[in-house]
Every structure is written in structure tokens, then in C-alpha cells.
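Let me begin by presenting the structure, written as C-alpha cells, before commenting on it.
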Amino acid sequence: MREGPEEKTLLEDVPWPDEPPVMLPGQTYETVTDTIADAVLTRPIGLGWLSGFLIAGMFVMILLIAVTYLFFRGVGIWGIEIPVAWGFAIVNFVWWIGIGHAGTLISAILLLLKQTWRNSINRFAEAMTLFAVACAGMFPLLHLGRPWLAYWLFPYPASMGVWPQFRSPLVWDVFAVTTYATISAVFWYVGLVPDLATMREKAKHPLTKKIYGILAMGWRGSARHWKRYESLYLLLAGLATPLVLSVHTVVSFDFAIAIVPGWHTTIFPPYFVAGAIYSGFAMVLVLAIPIRKFYHLEALITMRHLQNSAKIMLATGLIVAYGYFFETFIGIYSGSTYERSMLQNRWFGPYSAMYWALIVCNIALPQLLWIPKLRRNIAFLFFISLDILIGMWLERFVIVITSLARDFLPSSWGHYIGTRWDWAVFTGTIGFFSLCMFLFIRIMPSISIFELRQLLPEAEVKE
Amino acid sequence: MKEPLAPAIYGLMAEFGSSTDLVVATRAAYAAGYRKMDAYSPFPIEEASEALGFHKTRVPLIVLMGGLFGGCGIYGLQYWINCISYPLNIGGRPWHSWPAFIVPTFEMTVLFGGLAGVFGMFALNGLPMPHHPVFNVDRFSAVTRDKFFLVVEAADPKFDVVNTHKFMQSLKPLAIEEVPH
């Protein structure tokens with residue numbers, strides 16, 4: 001068996017002869033620092049960034065209008081009704097929170113597994129997590145109908161004397177998502193502190209210097225500080241690792257604990273987690289491919305990163321395919337009339353087009369990633385990532401809507417379609433996410449500088 | 001305001017060009033009997049903190065305590081709410097239906113452990129601390145880029161401006177500077 005890369009794997013770490021390296025040769029402390037910091041500090045704001053920012057801003061305006069109208073009229077403006085009271089809001093919630101998972105996987109699990117290639121992509125993947133969770137968090141709150149009473153979800157000593165219902169997965173979700181958002185935010189910030197100190201020293205404008213200085217909290221690179229820092233970073237990774245697996249597990253409990261046909265299965269937690277990582281890595285590629293091109297980071301985010309992400313997508317995609325297969329198998333094997341009719345409804349019912357589209361998007365097309373030549377084709381990777389993102393959205397739509405629209409009693413069956421306000425909120429959150437990413441790459445170092453310095457051959461202490 | 005009895009300078013700073021030089025110099029300084037000193041680097045160097053004789057941190061303990069507090073706290077709260085304060089019959093389940101309480105218990109363990117660790121790490125490091133004597137040396141800004149520094153503090157009992165300077169010179173640094181207060 002081939003030995004895994006050592007902790008201090010350096011530039012030369014190339015497992016196979018034709019495998020691209022983690023960093024292109026010729027990098028030093030200076031080039032790494034300057035390439036990443038100058039993209040923020042000295043690069044002028046280009047037309048491309050500006051137009052992207054404005055387009056994203058326009059969608060944020062759409063979001064604001066849609067949410068204002070929602071507050072004014074109530075959730076009735078969405079297509080939700082009985083029997084389908086969980087519409088786009090829950091579909092989008094599950095989709096967004098799943099996307100966030102790749103960031104935590106890269107920053108925590110790959111750290112514990114000593115996958116040093118993660119160092120080039122963990123920073124913006126963590127930012128992606130943060131923004132995706134922010135988008136996800138909006139939906140359950142808006143779906144409450146009276147979002148201003150959202151604090152009722154928390155166990156606080158209310159004058160009414162009531163408490164949350166702790167046996168409900170919806171309350172578990174509150175705990176899971178708030179913990180996930182908080183831990184992702186502090187993990188990201190802790191990782192940023194040493195780089196913010198670099199920015200503080202490199203910034204020219206006194207105000208910029210001051211802002212980075214405040215954020216860096218006076219970091220001075222002391223060996224004692226580093227020791228505690230590293231110890232904490234490892235512990236946070238250890239805490240975040242079960243967190244990655246638990247968040248989507250808890251989200252899947254929202255469905256699996258209910259007795260609705262198509263939801264009440266034990267395959268849901270693992271299959272949701274795999275799907276989350278699947279769509280998350282797709283989003284990582286959708287972001288990494290343009291960032292490395294427009295900010296000239298090809299030396300730091302190499303083909304190795306893109307290929308590894310593609311391989312993870314292939315692996316998690318197969319787990320998802322296994323999930324679909326077993327969902328179907330158990331549906332038939334159970335002998336339950338309702339489970340069988342649910343399957344029939346998925347395959348041939350009113351939403352069958354979406355079901356088959358998701359099979360094509362999530363299972364059929366990604367198999368092309370087996371071909372090494374296609375894994376090296378950047379345009380293809382971008383396309384397949386978008387395809388997976390669409391496929392995963394369709395998957396959540398099919399899970400939420402088909403089961404609810406036709407449950408046990410045909411007389412209470414219904415049909416659901418999203419209204420223009422559903423689409424406005426959904427596209428609005430995509431705009432919000434993009435806006436945050438646009439701001440992030442112009443304000444913060446989008447690659448971890450100090451972790452890349454650590455990867456350089458010269459960083460090693462020679463005894 | 002100047003304190004009359006404080007030493008005139010904070011310490012002496014030697015600059016090095018590589019992580020190996022820094023670790024070698026730190027080991028030599030430790031062997032020479034200096035204790036109040038610190039090594040500064042642009043990225044974590046495990047050997048540097050070892051060379052300073054700094055082997056153990058209390059961060060793991062703080063994380064453990066935070067995690068235990070969060071986990072026990074929320075479990076206790078759920079028990080109290082469901083069994084004492086506000087018992088609700090949900091599908092005939094027992095008041096103390098502990099499997100349902102595990103999810104919030106796990107989540108709060110992670111949340112409090114993580115937050116305690118972050119605040120604990122910054123507190124132990126004495127951060128935020130925007131001003132520190134080492135920042136008075138102009139060359140020190142390279143510590144966030146590509147240079148490595150060893151600072152022996154004047155507060156060290158073995159410190160003597162002339163002798164320590166001489167000792168530092170024997171370490172072959174790129175430069176030696178006095179660190180003013």
C-alpha cells in the first residue's frame with residue numbers, strides 16, 4: 001500500500017508521476033505572501049469584479065423586496081398550502097446548508113487526515129460555508145411566518161412559562177444549525193488572525209492598517225502563542241469533524257422522524273451527509289475555478305486541488321447513488337402500499353420529470369469523472385459542478401414535495417408549484433451568497449498565507 | 001509616565017533568515033540559561049516552542065471544561081424542563097426520554113467546548129494586545145512575512161546588555177537590535 005503524505009508534505013509531494021503538485025515550484029515566503037495579499041491590497045477594482053458585484057447586488061435587492069412583501073402579506077405569497085406546507089423554503093434550506101458542509105470537511109476532516117493540499121482552498125471554502133449557512137438560516141426563519149418571534153425557539157425563561165419541545169427534530173435543528181454557524185465562524189476567524197497580522201503589516205493606507213490591526217488583535221507570531229494556537233486549531237478540527245456529520249444528520253431527522261412515506265427511512269442520515277458533501281465540493285469548484293483564473297492563483301490552487309475535489313465528488317456521488325438505490329429497494333421490499341405508491345408517484349407522477357432529471361444530473365453525468373482526461377478539463381469540471389448543484393436542488397425538491405403532495409389519503413392530495421416569490425427569495429439568496437463572496441475575496445486573504453508558508457520546503461527545520 | 005526602576009530597554013532582538021536558524025539559536029539561548037525569552041515566526045514551528053521549554057498548554061483542558069459545562073448544562077436543562085418544570089406528554093413517551101435529549105447535548109458540548117477554547121486561547125495569549133514592545137523595532141514587521149526573531153527580555157536574571165549582545169552575536173543572526181519600551 002502506498003504511504004500517505006507526511007505531515008510536512010512539501011512541494012515535491014506527488015503521489016503519481018503524472019499528478020500535479022500542490023504548489024507550482026518556485027514559491028517562497030515572499031511570493032506566497034505577496035500573491036495572496038496583493039490580490040486584496042494593491043489590485044485595482046476591475047470591471048469584471050464590479051459588474052459581478054452589481055449583478056449580485058441586484059439579486060440582493062430582489063431578495064429584500066421579496067422579504068419585505070413576505071413580511072407584509074405573510075407566507076401565503078409562497079405556493080405553500082396544505083398538504084404541501086414545506087415548499088421552497090425547506091428545499092432551499094437543506095440545499096444551502098448542504099453546500100456549507102464541504103467547507104467544514106476541508107477545514108476539519110482533511111486537517112485531521114493531514115491532507116496538506118487543503119491549505120490552498122480551506123480559507124475560501126470556510127467563507128463559503130459561512131455564507132451558505134447564512135442563506136440557509138434565512139429560510140426556516142422566514143418560513144416561521146412570524147420571524148420576529150424566532151427567539152421562541154430557544155430555551156429561555158419566558159414569562160409565559162413554556163419551553164421548546166425537546167423531542168422534536170425541529171428543535172434539534174435549531175441547536176445544530178446555530179452551533180454549526182457559530183463554530184464555522186470562529187474557526188474561520190481563528191484561522192484568519194495570523195494572516196490579518198500580515199495584512200496589517202503590508203497595508204499602506206493608515207485606515208486599512210488600523211482595521212486589519214484591530215482584527216488581528218495584536219498577533220505577533222510568538223512561539224508560545226503559536227503553540228496554543230495550533231493546539232486549539234486541532235481541537236476545533238476535532239470538534240468540527242463530528243459536527244460536519246451531525247448537522248445534515250439532524251436535518252435529515254426533520255424528515256426521517258416523520259411517518260410520511262418516502263421520509264421514514266434509516267438511510268436518510270448517511271445519504272444526506274454524503275449529498276451535502278457532494279454539493280459542497282461542487283460549489284467549491286464553482287468558486288475555485290474562477291477565483292484561481294481571475295486572481296492568477298494557478299500556482300497555489302493547482303490542478304491537484306481541482307482533481308482531488310472531482311474525485312471526492314465522484315466518491316460521494318456514488319454514496320448518494322447508493323442512497324437512491326436503497327430508498328427504492330426498501331420501498332419495494334417493505335411491502336407497504338404507501339411506500340410503493342410513493343415510488344410509483346416519484347417515477348411516473350406529476351413530478352416525475354424532476355426525479356429523472358435528478359438521476360441524470362446526480363448519477364449519470366458525474367460518472368464521466370471516471371475519465372482522467374475529463375478530470376483535467378477545467379471547463380468540464382465547472383460544467384459538472386453546476387450540474388451537480390442543480391441535481392442536488394432537484395433531489396431536495398423531490399424529497400420534500402412528492403412525499404407531502406401525495407401522502408396516505410388520496411382525498412387530501414394536492415399539487416405544489418413555487419410562485420414567483422419563491423423564486424425571488426431563492427435567486428435572492430444566491431445573489432446574497434455571491435455578494436458576500438465578492439466582498440470576501442476583495443477584503444480578506446482568500447488563501448491561508450501562513451499555512452502555505454508552512455508547506456514550503458524552506459519551512460522545515462533541518463536538524 | 002516612566003517608571004524609574006524599570007530597565008531601560010525591553011530586551012534584545014536577534015533576527016534570523018530561516019526557521020532552522022531560529023530553532024538552533026533558541027536552543028542555544030535556553031542552554032545558556034536564558035528563560036525569559038520568546039521566539040517569533042511567520043508560521044507555527046513546533047520545535048521553537050519546544051526549544052523555549054514550553055511544552056504544555058492549558059488549551060485542551062479549557063476545551064474539555066467548556067464542553068462538559070455545555071453538555072451537562074443542556075442535559076440538565078432538558079431534564080428539568082421535561083420532568084419538573086413543564087412536563088409534556090408527547091406520544092406517551094416517558095418524561096425522561098433521554099435519546100431525544102442527546103442531539104442538543106452533543107451540539108452544546110461542541111459549541112461550549114469550541115467557544116471556551118477560542119476565548120481561552122486568546123486569553124492565555126494575552127490577546128487582544130495591540131501594543132507590545134517588539135513592535136517598536138521596525139524590522140520586526142517582517143515576522144508576518146519571511147523573518148524569524150529571538151527576543152531575550154531584560155527582565156531575565158541572566159540578562160546583561162553587553163554580555164547578552166555578545167552571546168547573540170555568537171548565534172550569527174542577520175541583525176541584533178535593542179527593543180525599547
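Starting from 1 in every chain, residues are counted up; chains themselves are A, B, ... following the order of the C-alpha cells, and ligands are numbered from 1 as listed.
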
Step one, run DSSP on the backbone; step two, keep only residues of region 135-187 of chain A assigned to helix (DSSP H, G or I); then write them as a ChimeraX atom specification. /A:135-143,147-153,169-187

Give me, as a tab-separated table, each residue of chain A that comes within 7 Å of chain B, together with its shortest interatomic pair and the distance in Å at one decimal, counting only C-alpha atoms, with rows ordered by chain and rising residue number.
```
residue	atom	partner	partner_atom	distance
A:Tyr29	CA	B:Asp146	CA	5.5
A:Glu30	CA	B:Asp146	CA	6.6
A:Thr33	CA	B:Arg145	CA	6.6
A:Val162	CA	B:Tyr86	CA	6.9
A:Phe166	CA	B:Phe101	CA	6.7
A:Arg167	CA	B:Ala100	CA	5.2
A:Trp172	CA	B:Pro104	CA	5.9
A:Phe175	CA	B:Pro104	CA	5.9
A:Ala176	CA	B:Glu107	CA	5.9
A:Thr179	CA	B:Leu111	CA	5.5
A:Ile183	CA	B:Leu111	CA	6.6
A:Ala197	CA	B:Thr144	CA	6.4
A:Thr198	CA	B:Thr144	CA	4.8
A:Glu201	CA	B:Ser141	CA	6.0
A:Met217	CA	B:Pro128	CA	4.3
A:Gly218	CA	B:Pro130	CA	4.2
A:Gly221	CA	B:Tyr40	CA	5.0
A:Ser222	CA	B:Tyr40	CA	4.4
A:Ala223	CA	B:Ser49	CA	5.2
A:Arg224	CA	B:Ser49	CA	5.9
A:His225	CA	B:Asn125	CA	5.6
A:Trp226	CA	B:Pro44	CA	5.3
A:Lys227	CA	B:Ser49	CA	6.6
A:Arg228	CA	B:Thr57	CA	6.0
A:Tyr229	CA	B:Met121	CA	6.6
A:Ser231	CA	B:Val59	CA	6.8
A:Leu232	CA	B:Gly117	CA	6.3
A:Leu236	CA	B:Gly114	CA	6.0
A:Leu239	CA	B:Val110	CA	5.9
A:Phe450	CA	B:Phe43	CA	5.3
A:Arg453	CA	B:Phe43	CA	6.8
A:Gln454	CA	B:Phe43	CA	6.3
A:Ala459	CA	B:Ser19	CA	6.2
A:Val461	CA	B:Thr20	CA	4.5
A:Lys462	CA	B:Thr20	CA	5.7
```

Rank nothing, just name the residue among A:Trp219, A:Asn345, A:Phe187, A:Leu358 nearest to Trp413 (chain A), using only C-alpha atoms.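 Looking only at the distances to Trp413 (chain A), the closest residue turns out to be A:Asn345.
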
In terms of only C-alpha atoms, the residue from A:Ala89, A:Leu105, A:Ile399, A:Leu113 at minimal distance from Leu243 (chain A) is A:Leu105

Can you pull out the residues contacting Leu12 (chain B)? Cut-off 10 Å, using only C-alpha atoms, and skip same-chain residues under 5 positions away; I want them as a PyMOL selection string. chain B and resi 37+134+150-154+159-161+164-165+168+176-180

Please, which residues of chain B, numbered as in this document, come out strand (DSSP E) from DSSP, as a list in words? Ile9, Tyr10, Gly11, Leu12, Met13, Ala14, Glu15, Phe16, Met37, Asp38, Ala39, Tyr40, Phe148, Phe149, Leu150, Val151, Val152, Glu153, Ala175, Ile176, Glu177, Glu178, Val179 and Pro180 of chain B

Which residues are close to Arg43 (chain A), i.e. within 12 Å by only C-alpha atoms, leaving aside same-chain residues fewer than 6 positions away? Reply as a list in words.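 My list of contacting residues is Asp34, Thr35, Ile36, Ala37, Trp49, Phe294, Tyr295, His296, Ile441, Arg442 and Ile443 of chain A.
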
Write out as an mmCIF file with all heavy atoms, in the first residue's frame which residues come within 8 Å of Trp188 (chain A) when counting only C-alpha atoms, dropping same-chain ones fewer than 4 positions away.
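Final output, saved to result-v1.cif:
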```
data_model
loop_
_atom_site.group_PDB
_atom_site.id
_atom_site.type_symbol
_atom_site.label_atom_id
_atom_site.label_comp_id
_atom_site.auth_asym_id
_atom_site.auth_seq_id
_atom_site.Cartn_x
_atom_site.Cartn_y
_atom_site.Cartn_z
ATOM 1 N N ARG A 123 -9.458 28.330 3.228
ATOM 2 C CA ARG A 123 -9.952 29.640 3.630
ATOM 3 C C ARG A 123 -11.231 30.036 2.923
ATOM 4 O O ARG A 123 -12.234 30.362 3.539
ATOM 5 C CB ARG A 123 -8.854 30.681 3.368
ATOM 6 C CG ARG A 123 -9.264 32.117 3.565
ATOM 7 C CD ARG A 123 -9.494 32.512 4.995
ATOM 8 N NE ARG A 123 -8.469 32.076 5.913
ATOM 9 C CZ ARG A 123 -7.244 32.596 6.003
ATOM 10 N NH1 ARG A 123 -6.893 33.589 5.217
ATOM 11 N NH2 ARG A 123 -6.381 32.134 6.875
ATOM 12 N N GLU A 126 -14.136 27.811 3.775
ATOM 13 C CA GLU A 126 -14.771 28.143 5.056
ATOM 14 C C GLU A 126 -15.664 29.372 4.917
ATOM 15 O O GLU A 126 -16.744 29.439 5.519
ATOM 16 C CB GLU A 126 -13.711 28.411 6.128
ATOM 17 C CG GLU A 126 -13.059 27.156 6.652
ATOM 18 C CD GLU A 126 -11.806 27.454 7.444
ATOM 19 O OE1 GLU A 126 -11.698 28.553 7.998
ATOM 20 O OE2 GLU A 126 -10.921 26.587 7.493
ATOM 21 N N ALA A 127 -15.209 30.342 4.130
ATOM 22 C CA ALA A 127 -16.045 31.520 3.892
ATOM 23 C C ALA A 127 -17.332 31.102 3.197
ATOM 24 O O ALA A 127 -18.429 31.552 3.555
ATOM 25 C CB ALA A 127 -15.291 32.536 3.045
ATOM 26 N N SER A 184 -18.369 27.429 12.782
ATOM 27 C CA SER A 184 -17.764 27.748 11.480
ATOM 28 C C SER A 184 -17.194 29.154 11.509
ATOM 29 O O SER A 184 -16.100 29.403 10.985
ATOM 30 C CB SER A 184 -18.795 27.674 10.358
ATOM 31 O OG SER A 184 -19.398 26.428 10.323
ATOM 32 N N LEU A 192 -7.927 33.107 10.390
ATOM 33 C CA LEU A 192 -7.565 34.363 9.722
ATOM 34 C C LEU A 192 -6.580 35.206 10.522
ATOM 35 O O LEU A 192 -5.845 36.004 9.939
ATOM 36 C CB LEU A 192 -8.828 35.197 9.499
ATOM 37 C CG LEU A 192 -9.504 35.113 8.146
ATOM 38 C CD1 LEU A 192 -10.865 35.790 8.216
ATOM 39 C CD2 LEU A 192 -8.676 35.785 7.071
#
```

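If you look at CA of Ile106 (chain A) and CA of Gly238 (chain A), they are 12.5 Å away from each other.
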
Residues within 10 Å of region 302-304 of chain A, please, as a VMD selection string. Count only C-alpha atoms; anything in the same chain fewer than 5 positions from it doesn't count. chain A and resid 14 19 to 24 117 120 289 292 297 309 to 310 375 to 378

Polymer residues at most 9 Å from Cys436 (chain A), only C-alpha atoms, same-chain spacing of 6 or more positions, as a list in words: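 Close residues of Cys436 (chain A): Ala56, Ala127, Met128 and Phe131 of chain A.
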
Dump of C-alpha atoms for the selected residues, as a PDB file, in the first residue's frame:
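Ended up saving to out-v1.pdb:
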```pdb
ATOM      1  CA  ALA A  56     -25.182  40.103  -7.219  1.00  0.00           C
ATOM      2  CA  ALA A 127     -16.045  31.520   3.892  1.00  0.00           C
ATOM      3  CA  MET A 128     -18.345  29.663   1.530  1.00  0.00           C
ATOM      4  CA  PHE A 131     -22.259  32.465   3.696  1.00  0.00           C
TER       5      PHE A 131
END
```

So what do you get for CA of Ile301 (chain A) versus CA of Ser107 (chain A), distance-wise?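 Separation between CA of Ile301 (chain A) and CA of Ser107 (chain A): 15.5 Å.
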
Separation of CA of Tyr338 (chain A) from CA of Trp356 (chain A) in Å: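 Interatomic distance here is 20.7 Å.
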
Would you mind telling me which residue in A:Gly191, A:Pro206, A:Pro169, A:Gly213 lies nearest to Ile257 (chain A) when using only C-alpha atoms?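 Among the listed residues, the smallest separation from Ile257 (chain A) belongs to A:Pro169.
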